[in-house]
Each structure stands twice: as C-alpha cells, then as structure tokens.
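Heads up, the thing below is written out as structure tokens.
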Amino acid sequence: MPPNRRNSRRPHRAEAAVIDAALRLSLLDRTRTRVGEPDAAALGGTVARAVRAEQLGFDRFWVAEHHGVPGVAGAAPAVLLAAIAARTATIRLGSAGVMLPHHQPLVVAEQFATLSAFAPGRVDLGLGRSAGFTPAVRRALRETERDFAADLAELRGFLAGTAEITLHPQPTGPVPLHVLATGRGLQVAAELGLPVIVGGPLLGVAGDPGAGLQALADYRRRFRPSVQQPEPRIAISLDVLVADSAAEAADLLLPEAWAMAQARTTGTFPPLEPVAAVRAAARTPRQQQYLEQTAAAAIAGTRAHVDGRLAELLDRTGAAELVASSSTFDRAALAASDAALAAMFGRAPSAGAAPSRVREPNHSGR
C-alpha cells in the first residue's frame, strides 16, 4: 500500500484546496434494497456497480456485512466479493467490513484466502466490531463479549503464516487488513500497525471537527509500524453524491436520509423509496430532525461544490483514500454520480464505461 498522501497543497485564505489525483478513490456499496424489488436485484445491482466502477477507474470497491436488515441484502461479504471477482479484472475488492465479533478468526481467514485465489493481489479485508441491529439478530449470531484486538491479531497470524495452525488454502499474495474505526478501534489499529477507515462524527462534516482531528492525531502518534503498514494510513468514508444542481443532489440524498430517520425512530431500517414517495410521506418532527442530520453529514451538490468540500475534508484529515458510501433509489442517477466523482479525481474511463450525465462545471471563476 502507498504511504499516506495529503492533497497537493494546503488551503490558504485566498486559495482553495484541490483534489490530488494520486489519492485513492473507492466506492462502498451496502447492497441497499429498493421498494418493489426482490433482494436478488440489490445483489445484482452491487455486482453491476462494481463492474462500472472498474471501467470508470476507481481503485477499490468495498462491500458491507449486515444481518436481518430489510434495507440491506449484503449479508455475506466473501460470497458477494467472489461474484464481483468473477466479473472484474483489475479493481481491488474489499470488505468494509466483516464484523469480527460474528465470526471465528480462522473462518474469516479461510474465506478471504479462498477469495484471493480468484482475485490474486486484489483482495482487502476490512474488519469492524459492530453489534447486530436488533436483540433478535444478536441472539441469532450468538454474540458474546470478545477481545477485538486479540481476534485481529489472531486473524493476521493465520494470513501471515505465523499462527500455530497453517491456513489452507494459502493466500494467493498478501491480503491487507483494514480497521473500521471509531474511538477504541483507532487505538487498536495504531497498536497493531493497521490502516483505518473512519466516518461519521469523526469527520466533522456536520459539526465541530476538533474532536475527530484529535482522534486522528492520536492514531498517528500511537502508530506502531508493521510489516503490512510502515506508516499510519487513513481512509475517510461518507455519502458523496454529484448532480447537475444542488436541488437534484438534495433529492438524491432523500431516500437514504429518510431510511435512516425511520431506523432511528422505529427500529427498522427499510428499503429505499423513490424521492416522490419520500416527499409525500408523513413524518414526525423527530424524523425530520434525523433526516436533516443525515443529509448534513453528506457531501452533495454540483461538481464544483462537491470538489471544494471534498478537497477541504481530504486536506484537513490527511486522508489517503476517499471511500464514497453513497446510495439512492435511482440507479441511473447513482451511476451518473459515480462517473462524475471519478472524473473529479482525474480518472479516465475505459472504452466500455458509460459517459457521465452530470454536466461539467465552469471553472472560469475558480
């Protein structure tokens, strides 16, 4: 993995930050379900999006793990990544992540070593420790108190060939580990010398960035170099959506923001709904508040607006990679947003890639 990179220059009062094309660019697709579609359509949509991402020049494609969630069909990252590996040739493929408390480290190591045989040199293993969404799911997963740091170290030993058990199949090339981190997770990653993927309040997109910046500084200060990662490395993850106008981009945010508002007030994370249905839905003041909070934590707008916001955030955090975790009901609009984002990072699409529908901004006044 390349060392941590910052943007090409720091912003000054009269000078805006610019996105460094050397930064890694990736997508995180959570295999969101949609009203009126079977779960299989969500899985097929994730595979199709990964194929487009490769054509557009994205560096990496991540998938997630959720259990018993009506709005998410992605429950088995290794299986889904195997399907994507069969349809792609160059893009790196990763989990963001496998929730380690749900699994035995040996089984996870075996799954991703197997996956590496079908995508040699392209597999990344992102690991988190989130609990199941509901008490019933947590019971079904047999969740117990586990030592996340010990499990991480054990899993790394299996993949590195230093454990008391020899892993079979042997990994086909390195399978780098990444930690989905907040708070204690950052400390664990620093102690083990692992790169992190951070998001949510730590990024300070919708509030004071001070606490998050301090947490990232502590991670860098405490980092112990490892064979995999000689230097600290940070990837940032958030919703990023690009459209021709601010109003269109705000509409693209609505389905996911409304689903989050429902999850926080009803305990059920539902499938995505069309924008018109979201607009027509009755909502409580509390749901409206949560909807607005979710939208505020995203970066959405025209190319020029998103370019400026992302450049500032990447520069402020010193991130080496952007993990865009965007989703919306309209698949065509999502594909256009992905294409526009790739173009902003200087990626050149391959011959098979569909052109972006988002208009190029006028930079004459920038």
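Labels for the structure tokens follow display order: chains A, B, ..., residues from 1 in each chain, ligands from 1.
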**DSSP-assigned helix (DSSP H, G or I) among region 12-226 of chain A, expressed as a ChimeraX atom specification** = /A:39-56,77-85,100-102,105-118,135-140,148-160,184-192,200-203,210-222
**Residue neighbourhood Ala131 (chain A), 8 Å, only C-alpha atoms, exclusion window fewer than 6 positions, as a PyMOL selection string** = chain A and resi 99+101+138+143
Kindly export the residues of the current selection with N, CA, C and O atoms, as an mmCIF file, in the first residue's frame.
data_model
loop_
_atom_site.group_PDB
_atom_site.id
_atom_site.type_symbol
_atom_site.label_atom_id
_atom_site.label_comp_id
_atom_site.auth_asym_id
_atom_site.auth_seq_id
_atom_site.Cartn_x
_atom_site.Cartn_y
_atom_site.Cartn_z
ATOM 1 N N MET A 99 -17.758 -8.064 10.238
ATOM 2 C CA MET A 99 -17.888 -7.767 11.671
ATOM 3 C C MET A 99 -17.314 -8.943 12.459
ATOM 4 O O MET A 99 -17.945 -9.997 12.609
ATOM 5 N N PRO A 101 -16.785 -9.802 15.561
ATOM 6 C CA PRO A 101 -17.465 -10.483 16.676
ATOM 7 C C PRO A 101 -18.484 -11.537 16.233
ATOM 8 O O PRO A 101 -18.891 -12.368 17.043
ATOM 9 N N ARG A 138 -28.781 -10.295 17.317
ATOM 10 C CA ARG A 138 -27.615 -10.559 18.162
ATOM 11 C C ARG A 138 -27.699 -11.961 18.773
ATOM 12 O O ARG A 138 -26.683 -12.656 18.884
ATOM 13 N N GLU A 143 -23.811 -13.643 19.685
ATOM 14 C CA GLU A 143 -22.829 -12.623 20.070
ATOM 15 C C GLU A 143 -22.462 -12.755 21.540
ATOM 16 O O GLU A 143 -23.310 -12.926 22.403
#
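Among the candidate residues A:Ala247, A:Met260, A:Ala304, A:Leu313, the one lying nearest to Tyr290 (chain A) is A:Met260, with distances computed using only C-alpha atoms.
Of note, CA of Arg279 (chain A) and CA of Ala257 (chain A) are spaced 11.6 Å apart.
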**Message:** Which residues are near Val179 (chain A)? Cut-off 9 Å, only C-alpha atoms, ignore same chain within fewer than 4 positions. Put them as a VMD selection string.
**Reply:** chain A and resid 96 to 97 125 to 128 185 to 186 188 to 189 194 to 198
Residue subset to file, keeping N, CA, C and O atoms, as a PDB file, in the first residue's frame:
ATOM      1  N   ALA A  96     -15.959  -3.903   3.921  1.00  0.00           N
ATOM      2  CA  ALA A  96     -15.948  -2.750   4.827  1.00  0.00           C
ATOM      3  C   ALA A  96     -17.276  -2.700   5.591  1.00  0.00           C
ATOM      4  O   ALA A  96     -18.124  -1.872   5.326  1.00  0.00           O
ATOM      5  N   GLY A  97     -17.395  -3.612   6.499  1.00  0.00           N
ATOM      6  CA  GLY A  97     -16.389  -4.646   6.667  1.00  0.00           C
ATOM      7  C   GLY A  97     -17.034  -5.934   7.160  1.00  0.00           C
ATOM      8  O   GLY A  97     -18.234  -6.019   7.371  1.00  0.00           O
ATOM      9  N   LEU A 125      -9.169  -6.925   3.348  1.00  0.00           N
ATOM     10  CA  LEU A 125     -10.065  -7.400   4.396  1.00  0.00           C
ATOM     11  C   LEU A 125     -10.251  -6.298   5.436  1.00  0.00           C
ATOM     12  O   LEU A 125      -9.390  -6.069   6.275  1.00  0.00           O
ATOM     13  N   GLY A 126     -11.381  -5.595   5.326  1.00  0.00           N
ATOM     14  CA  GLY A 126     -11.734  -4.591   6.318  1.00  0.00           C
ATOM     15  C   GLY A 126     -12.553  -5.227   7.420  1.00  0.00           C
ATOM     16  O   GLY A 126     -13.460  -6.018   7.161  1.00  0.00           O
ATOM     17  N   LEU A 127     -12.248  -4.874   8.663  1.00  0.00           N
ATOM     18  CA  LEU A 127     -12.843  -5.536   9.819  1.00  0.00           C
ATOM     19  C   LEU A 127     -13.398  -4.510  10.802  1.00  0.00           C
ATOM     20  O   LEU A 127     -12.774  -3.494  11.078  1.00  0.00           O
ATOM     21  N   GLY A 128     -14.591  -4.798  11.308  1.00  0.00           N
ATOM     22  CA  GLY A 128     -15.212  -3.950  12.309  1.00  0.00           C
ATOM     23  C   GLY A 128     -15.715  -4.779  13.462  1.00  0.00           C
ATOM     24  O   GLY A 128     -15.511  -5.999  13.511  1.00  0.00           O
ATOM     25  N   GLY A 185     -11.379   1.619  18.466  1.00  0.00           N
ATOM     26  CA  GLY A 185     -10.886   0.973  17.260  1.00  0.00           C
ATOM     27  C   GLY A 185      -9.655   1.650  16.697  1.00  0.00           C
ATOM     28  O   GLY A 185      -8.751   0.988  16.168  1.00  0.00           O
ATOM     29  N   LEU A 186      -9.582   2.973  16.787  1.00  0.00           N
ATOM     30  CA  LEU A 186      -8.397   3.699  16.333  1.00  0.00           C
ATOM     31  C   LEU A 186      -7.176   3.310  17.160  1.00  0.00           C
ATOM     32  O   LEU A 186      -6.074   3.156  16.633  1.00  0.00           O
ATOM     33  N   VAL A 188      -6.703   0.462  18.782  1.00  0.00           N
ATOM     34  CA  VAL A 188      -6.327  -0.914  18.437  1.00  0.00           C
ATOM     35  C   VAL A 188      -5.547  -0.939  17.122  1.00  0.00           C
ATOM     36  O   VAL A 188      -4.514  -1.600  17.004  1.00  0.00           O
ATOM     37  N   ALA A 189      -6.042  -0.198  16.124  1.00  0.00           N
ATOM     38  CA  ALA A 189      -5.363  -0.161  14.830  1.00  0.00           C
ATOM     39  C   ALA A 189      -3.960   0.411  14.960  1.00  0.00           C
ATOM     40  O   ALA A 189      -3.010  -0.084  14.330  1.00  0.00           O
ATOM     41  N   LEU A 194      -2.094  -1.005  11.756  1.00  0.00           N
ATOM     42  CA  LEU A 194      -3.033  -1.250  10.666  1.00  0.00           C
ATOM     43  C   LEU A 194      -3.660   0.056  10.179  1.00  0.00           C
ATOM     44  O   LEU A 194      -3.850   0.989  10.956  1.00  0.00           O
ATOM     45  N   PRO A 195      -4.001   0.129   8.902  1.00  0.00           N
ATOM     46  CA  PRO A 195      -4.690   1.304   8.371  1.00  0.00           C
ATOM     47  C   PRO A 195      -6.139   1.331   8.845  1.00  0.00           C
ATOM     48  O   PRO A 195      -6.709   0.301   9.222  1.00  0.00           O
ATOM     49  N   VAL A 196      -6.739   2.520   8.826  1.00  0.00           N
ATOM     50  CA  VAL A 196      -8.103   2.674   9.320  1.00  0.00           C
ATOM     51  C   VAL A 196      -9.005   3.294   8.262  1.00  0.00           C
ATOM     52  O   VAL A 196      -8.553   4.023   7.372  1.00  0.00           O
ATOM     53  N   ILE A 197     -10.295   2.979   8.379  1.00  0.00           N
ATOM     54  CA  ILE A 197     -11.350   3.631   7.616  1.00  0.00           C
ATOM     55  C   ILE A 197     -12.259   4.297   8.639  1.00  0.00           C
ATOM     56  O   ILE A 197     -12.806   3.618   9.515  1.00  0.00           O
ATOM     57  N   VAL A 198     -12.396   5.606   8.557  1.00  0.00           N
ATOM     58  CA  VAL A 198     -13.178   6.339   9.552  1.00  0.00           C
ATOM     59  C   VAL A 198     -14.305   7.098   8.865  1.00  0.00           C
ATOM     60  O   VAL A 198     -14.207   7.489   7.702  1.00  0.00           O
TER      61      VAL A 198
END
**Message:** So that I can see what lies close to region 156-173 of chain A, please list as a PyMOL selection string the residues with an atom at most 9 Å from it, counting only C-alpha atoms and leaving out residues fewer than 4 positions away in the same chain.
**Reply:** chain A and resi 105-106+109-110+112-123+151-152+177
Export, as a compact mmCIF listing (two decimals), in the first residue's frame, the selected residues with all heavy atoms.
# COMPACT_ATOMS: atom_id res chain seq x y z
N PRO A 105 -12.01 -16.06 13.87
CA PRO A 105 -10.94 -15.53 13.02
C PRO A 105 -10.43 -16.53 11.98
O PRO A 105 -10.13 -16.15 10.84
CB PRO A 105 -9.85 -15.17 14.03
CG PRO A 105 -10.61 -14.82 15.27
CD PRO A 105 -11.76 -15.78 15.30
N LEU A 106 -10.34 -17.80 12.34
CA LEU A 106 -9.85 -18.79 11.38
C LEU A 106 -10.78 -18.88 10.17
O LEU A 106 -10.32 -18.95 9.02
CB LEU A 106 -9.74 -20.16 12.04
CG LEU A 106 -9.38 -21.33 11.11
CD1 LEU A 106 -8.02 -21.10 10.45
CD2 LEU A 106 -9.41 -22.65 11.87
N ALA A 109 -10.30 -15.89 7.92
CA ALA A 109 -9.03 -16.02 7.19
C ALA A 109 -9.17 -17.02 6.05
O ALA A 109 -8.67 -16.78 4.94
CB ALA A 109 -7.92 -16.46 8.15
N GLU A 110 -9.84 -18.14 6.28
CA GLU A 110 -10.03 -19.13 5.22
C GLU A 110 -10.86 -18.57 4.07
O GLU A 110 -10.56 -18.80 2.89
CB GLU A 110 -10.71 -20.37 5.80
CG GLU A 110 -9.82 -21.19 6.72
CD GLU A 110 -10.57 -22.27 7.46
OE1 GLU A 110 -11.81 -22.16 7.61
OE2 GLU A 110 -9.92 -23.24 7.91
N PHE A 112 -11.21 -15.43 3.08
CA PHE A 112 -10.52 -14.43 2.28
C PHE A 112 -9.27 -14.98 1.61
O PHE A 112 -8.85 -14.48 0.56
CB PHE A 112 -10.25 -13.17 3.12
CG PHE A 112 -11.46 -12.28 3.17
CD1 PHE A 112 -12.53 -12.60 3.97
CD2 PHE A 112 -11.55 -11.16 2.37
CE1 PHE A 112 -13.68 -11.82 3.99
CE2 PHE A 112 -12.69 -10.35 2.38
CZ PHE A 112 -13.76 -10.69 3.19
N ALA A 113 -8.68 -16.02 2.17
CA ALA A 113 -7.60 -16.71 1.45
C ALA A 113 -8.17 -17.39 0.21
O ALA A 113 -7.55 -17.38 -0.86
CB ALA A 113 -6.93 -17.72 2.38
N THR A 114 -9.35 -17.98 0.35
CA THR A 114 -10.01 -18.60 -0.80
C THR A 114 -10.33 -17.54 -1.85
O THR A 114 -10.08 -17.73 -3.05
CB THR A 114 -11.31 -19.30 -0.36
OG1 THR A 114 -11.00 -20.30 0.62
CG2 THR A 114 -12.02 -19.94 -1.55
N LEU A 115 -10.87 -16.41 -1.41
CA LEU A 115 -11.20 -15.33 -2.33
C LEU A 115 -9.96 -14.85 -3.08
O LEU A 115 -10.02 -14.54 -4.28
CB LEU A 115 -11.84 -14.18 -1.54
CG LEU A 115 -12.30 -12.96 -2.33
CD1 LEU A 115 -13.36 -13.34 -3.35
CD2 LEU A 115 -12.83 -11.90 -1.37
N SER A 116 -8.81 -14.81 -2.40
CA SER A 116 -7.59 -14.33 -3.04
C SER A 116 -7.14 -15.22 -4.19
O SER A 116 -6.43 -14.78 -5.09
CB SER A 116 -6.46 -14.20 -2.00
OG SER A 116 -5.95 -15.47 -1.62
N ALA A 117 -7.58 -16.49 -4.18
CA ALA A 117 -7.23 -17.38 -5.29
C ALA A 117 -7.96 -16.99 -6.56
O ALA A 117 -7.48 -17.23 -7.67
CB ALA A 117 -7.58 -18.82 -4.92
N PHE A 118 -9.12 -16.35 -6.42
CA PHE A 118 -9.92 -15.94 -7.58
C PHE A 118 -9.64 -14.50 -7.99
O PHE A 118 -10.03 -14.09 -9.09
CB PHE A 118 -11.40 -16.12 -7.28
CG PHE A 118 -11.78 -17.53 -6.97
CD1 PHE A 118 -12.15 -17.90 -5.69
CD2 PHE A 118 -11.75 -18.51 -7.96
CE1 PHE A 118 -12.48 -19.21 -5.39
CE2 PHE A 118 -12.09 -19.82 -7.67
CZ PHE A 118 -12.45 -20.18 -6.39
N ALA A 119 -8.99 -13.73 -7.12
CA ALA A 119 -8.63 -12.34 -7.44
C ALA A 119 -7.25 -12.06 -6.85
O ALA A 119 -7.10 -11.27 -5.92
CB ALA A 119 -9.67 -11.37 -6.87
N PRO A 120 -6.20 -12.71 -7.37
CA PRO A 120 -4.87 -12.58 -6.77
C PRO A 120 -4.39 -11.14 -6.73
O PRO A 120 -4.47 -10.41 -7.72
CB PRO A 120 -3.98 -13.42 -7.71
CG PRO A 120 -4.91 -14.25 -8.51
CD PRO A 120 -6.21 -13.56 -8.57
N GLY A 121 -3.91 -10.73 -5.55
CA GLY A 121 -3.37 -9.38 -5.40
C GLY A 121 -4.41 -8.29 -5.40
O GLY A 121 -4.05 -7.10 -5.45
N ARG A 122 -5.69 -8.65 -5.31
CA ARG A 122 -6.74 -7.63 -5.37
C ARG A 122 -7.63 -7.59 -4.13
O ARG A 122 -8.59 -6.81 -4.09
CB ARG A 122 -7.65 -7.87 -6.59
CG ARG A 122 -6.99 -7.69 -7.93
CD ARG A 122 -8.03 -7.45 -9.00
NE ARG A 122 -8.78 -8.63 -9.40
CZ ARG A 122 -10.07 -8.64 -9.66
NH1 ARG A 122 -10.79 -7.55 -9.52
NH2 ARG A 122 -10.66 -9.76 -10.05
N VAL A 123 -7.35 -8.39 -3.12
CA VAL A 123 -8.28 -8.56 -2.01
C VAL A 123 -7.82 -7.79 -0.77
O VAL A 123 -6.66 -7.86 -0.37
CB VAL A 123 -8.44 -10.05 -1.67
CG1 VAL A 123 -9.34 -10.22 -0.45
CG2 VAL A 123 -9.02 -10.80 -2.86
N ASP A 151 -8.60 -10.89 18.56
CA ASP A 151 -9.12 -11.55 17.37
C ASP A 151 -8.42 -11.04 16.11
O ASP A 151 -8.12 -11.82 15.20
CB ASP A 151 -10.63 -11.31 17.26
CG ASP A 151 -11.43 -12.19 18.21
OD1 ASP A 151 -10.83 -13.07 18.86
OD2 ASP A 151 -12.66 -11.99 18.30
N LEU A 152 -8.18 -9.74 16.04
CA LEU A 152 -7.47 -9.17 14.90
C LEU A 152 -6.07 -9.76 14.78
O LEU A 152 -5.62 -10.14 13.69
CB LEU A 152 -7.37 -7.65 15.04
CG LEU A 152 -8.48 -6.78 14.49
CD1 LEU A 152 -8.23 -5.32 14.85
CD2 LEU A 152 -8.57 -6.93 12.97
N LEU A 177 -5.09 -6.05 5.89
CA LEU A 177 -6.17 -5.81 6.84
C LEU A 177 -6.39 -4.31 7.00
O LEU A 177 -5.44 -3.52 6.94
CB LEU A 177 -5.84 -6.42 8.20
CG LEU A 177 -5.52 -7.91 8.26
CD1 LEU A 177 -5.38 -8.34 9.71
CD2 LEU A 177 -6.59 -8.73 7.56
**Asked** What is the distance, in Å and to one decimal place, between CA of Pro201 (chain A) and CA of Gly308 (chain A)?
**Response** 19.8 Å
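The gap separating CA of Gly74 (chain A) from CA of Arg139 (chain A) is 19.2 Å, in Å to one decimal.
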**Asked** Which parts of region 46-257 of chain A does DSSP call strand (DSSP E or B) when run on the backbone here, written out as an NGL selection string?
**Response** :A and (60-63 or 72 or 92-99 or 123-128 or 177-180 or 196-199 or 234-238 or 240-242)
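Here the question is which of A:Ala206, A:Ala190, A:Ala78, A:Leu27 gets nearest to Asp218 (chain A) using only C-alpha atoms, and that residue is A:Ala190.
In this comparison, which uses only C-alpha atoms, the residue of A:Glu248, A:Glu312, A:Glu292, A:Asp29 approaching Pro209 (chain A) most closely is A:Glu312.
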Tell me which protein, DNA and RNA residues are within 12 Å of Leu241 (chain A), counting only C-alpha atoms, leaving out same-chain ones fewer than 3 positions away, and put them as a JSON list (two decimals) with N, CA and C atoms, in the first residue's frame.
[["chain", "number", "residue", "atom", "x", "y", "z"],
["A", 27, "LEU", "N", -15.43, 3.01, -3.81],
["A", 27, "LEU", "CA", -16.86, 3.00, -3.51],
["A", 27, "LEU", "C", -17.14, 1.94, -2.45],
["A", 238, "LEU", "N", -17.87, 8.52, 3.64],
["A", 238, "LEU", "CA", -19.11, 9.29, 3.81],
["A", 238, "LEU", "C", -19.90, 9.24, 2.52],
["A", 244, "ASP", "N", -26.45, 17.73, -11.36],
["A", 244, "ASP", "CA", -26.33, 18.96, -12.13],
["A", 244, "ASP", "C", -26.67, 20.20, -11.32],
["A", 245, "SER", "N", -27.46, 20.04, -10.27],
["A", 245, "SER", "CA", -27.85, 21.19, -9.46],
["A", 245, "SER", "C", -27.91, 20.78, -7.99],
["A", 246, "ALA", "N", -27.88, 21.77, -7.11],
["A", 246, "ALA", "CA", -27.98, 21.49, -5.68],
["A", 246, "ALA", "C", -29.30, 20.83, -5.34],
["A", 247, "ALA", "N", -30.37, 21.25, -6.00],
["A", 247, "ALA", "CA", -31.69, 20.68, -5.74],
["A", 247, "ALA", "C", -31.74, 19.21, -6.14],
["A", 248, "GLU", "N", -31.16, 18.87, -7.29],
["A", 248, "GLU", "CA", -31.14, 17.47, -7.71],
["A", 248, "GLU", "C", -30.32, 16.62, -6.74],
["A", 249, "ALA", "N", -29.20, 17.16, -6.30],
["A", 249, "ALA", "CA", -28.37, 16.41, -5.36],
["A", 249, "ALA", "C", -29.09, 16.21, -4.03],
["A", 250, "ALA", "N", -29.83, 17.23, -3.57],
["A", 250, "ALA", "CA", -30.60, 17.10, -2.34],
["A", 250, "ALA", "C", -31.66, 16.00, -2.49],
["A", 251, "ASP", "N", -32.26, 15.91, -3.67],
["A", 251, "ASP", "CA", -33.23, 14.84, -3.92],
["A", 251, "ASP", "C", -32.57, 13.46, -3.85],
["A", 252, "LEU", "N", -31.36, 13.34, -4.39],
["A", 252, "LEU", "CA", -30.67, 12.07, -4.35],
["A", 252, "LEU", "C", -30.39, 11.62, -2.91],
["A", 253, "LEU", "N", -30.19, 12.56, -2.01],
["A", 253, "LEU", "CA", -29.92, 12.24, -0.61],
["A", 253, "LEU", "C", -31.17, 11.76, 0.13],
["A", 254, "LEU", "N", -32.35, 12.18, -0.33],
["A", 254, "LEU", "CA", -33.57, 11.95, 0.43],
["A", 254, "LEU", "C", -33.86, 10.48, 0.76],
["A", 256, "GLU", "N", -32.01, 7.78, 1.25],
["A", 256, "GLU", "CA", -31.16, 7.23, 2.32],
["A", 256, "GLU", "C", -31.40, 7.96, 3.63],
["A", 295, "ALA", "N", -28.57, 14.20, 6.11],
["A", 295, "ALA", "CA", -28.23, 14.96, 4.91],
["A", 295, "ALA", "C", -27.05, 15.89, 5.17],
["A", 297, "ALA", "N", -24.57, 15.42, 7.11],
["A", 297, "ALA", "CA", -23.30, 14.68, 7.24],
["A", 297, "ALA", "C", -22.77, 14.18, 5.91],
["A", 298, "ALA", "N", -23.52, 14.42, 4.84],
["A", 298, "ALA", "CA", -23.09, 14.02, 3.50],
["A", 298, "ALA", "C", -22.51, 15.22, 2.76],
["A", 299, "ILE", "N", -21.84, 14.93, 1.66],
["A", 299, "ILE", "CA", -21.39, 15.99, 0.74],
["A", 299, "ILE", "C", -22.10, 15.74, -0.58],
["A", 300, "ALA", "N", -22.96, 16.68, -0.95],
["A", 300, "ALA", "CA", -23.77, 16.52, -2.15],
["A", 300, "ALA", "C", -23.95, 17.87, -2.81],
["A", 301, "GLY", "N", -24.01, 17.87, -4.14],
["A", 301, "GLY", "CA", -24.22, 19.11, -4.87],
["A", 301, "GLY", "C", -23.68, 19.00, -6.28],
["A", 302, "THR", "N", -23.40, 20.14, -6.87],
["A", 302, "THR", "CA", -22.80, 20.17, -8.20],
["A", 302, "THR", "C", -21.34, 19.73, -8.12],
["A", 303, "ARG", "N", -20.75, 19.51, -9.27],
["A", 303, "ARG", "CA", -19.34, 19.11, -9.29],
["A", 303, "ARG", "C", -18.45, 20.14, -8.59],
["A", 305, "HIS", "N", -19.23, 22.30, -6.27],
["A", 305, "HIS", "CA", -19.45, 22.31, -4.81],
["A", 305, "HIS", "C", -18.80, 21.09, -4.16],
["A", 306, "VAL", "N", -19.05, 19.91, -4.72],
["A", 306, "VAL", "CA", -18.50, 18.68, -4.14],
["A", 306, "VAL", "C", -16.98, 18.70, -4.20],
["A", 307, "ASP", "N", -16.45, 19.17, -5.30],
["A", 307, "ASP", "CA", -14.99, 19.27, -5.46],
["A", 307, "ASP", "C", -14.38, 20.07, -4.32],
["A", 309, "ARG", "N", -15.72, 20.92, -1.31],
["A", 309, "ARG", "CA", -15.94, 20.33, 0.01],
["A", 309, "ARG", "C", -15.04, 19.13, 0.24],
["A", 310, "LEU", "N", -14.91, 18.28, -0.77],
["A", 310, "LEU", "CA", -14.05, 17.10, -0.61],
["A", 310, "LEU", "C", -12.59, 17.47, -0.47],
["A", 324, "ALA", "N", -16.44, 6.48, -0.91],
["A", 324, "ALA", "CA", -17.77, 7.08, -1.09],
["A", 324, "ALA", "C", -18.81, 6.00, -0.86],
["A", 325, "SER", "N", -19.62, 6.19, 0.18],
["A", 325, "SER", "CA", -20.60, 5.16, 0.57],
["A", 325, "SER", "C", -22.01, 5.52, 0.11],
["A", 326, "SER", "N", -22.11, 6.17, -1.03],
["A", 326, "SER", "CA", -23.37, 6.74, -1.48],
["A", 326, "SER", "C", -24.39, 5.69, -1.88],
["A", 327, "SER", "N", -25.68, 6.02, -1.67],
["A", 327, "SER", "CA", -26.77, 5.21, -2.20],
["A", 327, "SER", "C", -27.98, 6.12, -2.41],
["A", 328, "THR", "N", -28.80, 5.74, -3.38],
["A", 328, "THR", "CA", -30.05, 6.44, -3.65],
["A", 328, "THR", "C", -30.96, 5.48, -4.40],
["A", 330, "ASP", "N", -32.65, 5.87, -7.29],
["A", 330, "ASP", "CA", -32.50, 5.92, -8.74],
["A", 330, "ASP", "C", -31.11, 5.39, -9.13],
["A", 333, "ALA", "N", -29.19, 7.59, -11.74],
["A", 333, "ALA", "CA", -28.63, 8.81, -11.15],
["A", 333, "ALA", "C", -27.41, 8.48, -10.30],
["A", 334, "LEU", "N", -27.43, 7.34, -9.61],
["A", 334, "LEU", "CA", -26.28, 6.92, -8.82],
["A", 334, "LEU", "C", -25.09, 6.63, -9.73],
["A", 335, "ALA", "N", -25.34, 5.97, -10.87],
["A", 335, "ALA", "CA", -24.27, 5.69, -11.83],
["A", 335, "ALA", "C", -23.67, 6.98, -12.37],
["A", 336, "ALA", "N", -24.52, 7.97, -12.66],
["A", 336, "ALA", "CA", -24.01, 9.25, -13.15],
["A", 336, "ALA", "C", -23.18, 9.95, -12.09],
["A", 337, "SER", "N", -23.62, 9.88, -10.83],
["A", 337, "SER", "CA", -22.86, 10.48, -9.74],
["A", 337, "SER", "C", -21.49, 9.81, -9.60],
["A", 338, "ASP", "N", -21.46, 8.48, -9.67],
["A", 338, "ASP", "CA", -20.19, 7.76, -9.59],
["A", 338, "ASP", "C", -19.23, 8.21, -10.71],
["A", 339, "ALA", "N", -19.77, 8.36, -11.91],
["A", 339, "ALA", "CA", -18.94, 8.76, -13.05],
["A", 339, "ALA", "C", -18.40, 10.18, -12.84],
["A", 340, "ALA", "N", -19.23, 11.07, -12.32],
["A", 340, "ALA", "CA", -18.79, 12.44, -12.08],
["A", 340, "ALA", "C", -17.71, 12.48, -11.00],
["A", 341, "LEU", "N", -17.87, 11.66, -9.96],
["A", 341, "LEU", "CA", -16.87, 11.61, -8.90],
["A", 341, "LEU", "C", -15.54, 11.10, -9.44],
["A", 342, "ALA", "N", -15.57, 10.06, -10.26],
["A", 342, "ALA", "CA", -14.34, 9.53, -10.85],
["A", 342, "ALA", "C", -13.64, 10.59, -11.69],
["A", 358, "VAL", "N", -23.81, 13.99, -15.69],
["A", 358, "VAL", "CA", -23.68, 15.24, -14.94],
["A", 358, "VAL", "C", -22.83, 16.21, -15.74]]
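When only C-alpha atoms are used to measure the gap to Glu54 (chain A), the shortest distance among A:Leu81, A:Leu141, A:Ala348, A:Ala235 belongs to A:Ala348.
Shortest separation to Thr265 (chain A) among A:Ala215, A:Ala282, A:Gln287, A:Gly200 occurs at residue A:Gln287, atoms counted being only C-alpha atoms.
Restricting the calculation to only C-alpha atoms, the smallest distance between His67 (chain A) and any of A:Arg87, A:Arg24, A:Arg92, A:Arg30 is found for A:Arg30.
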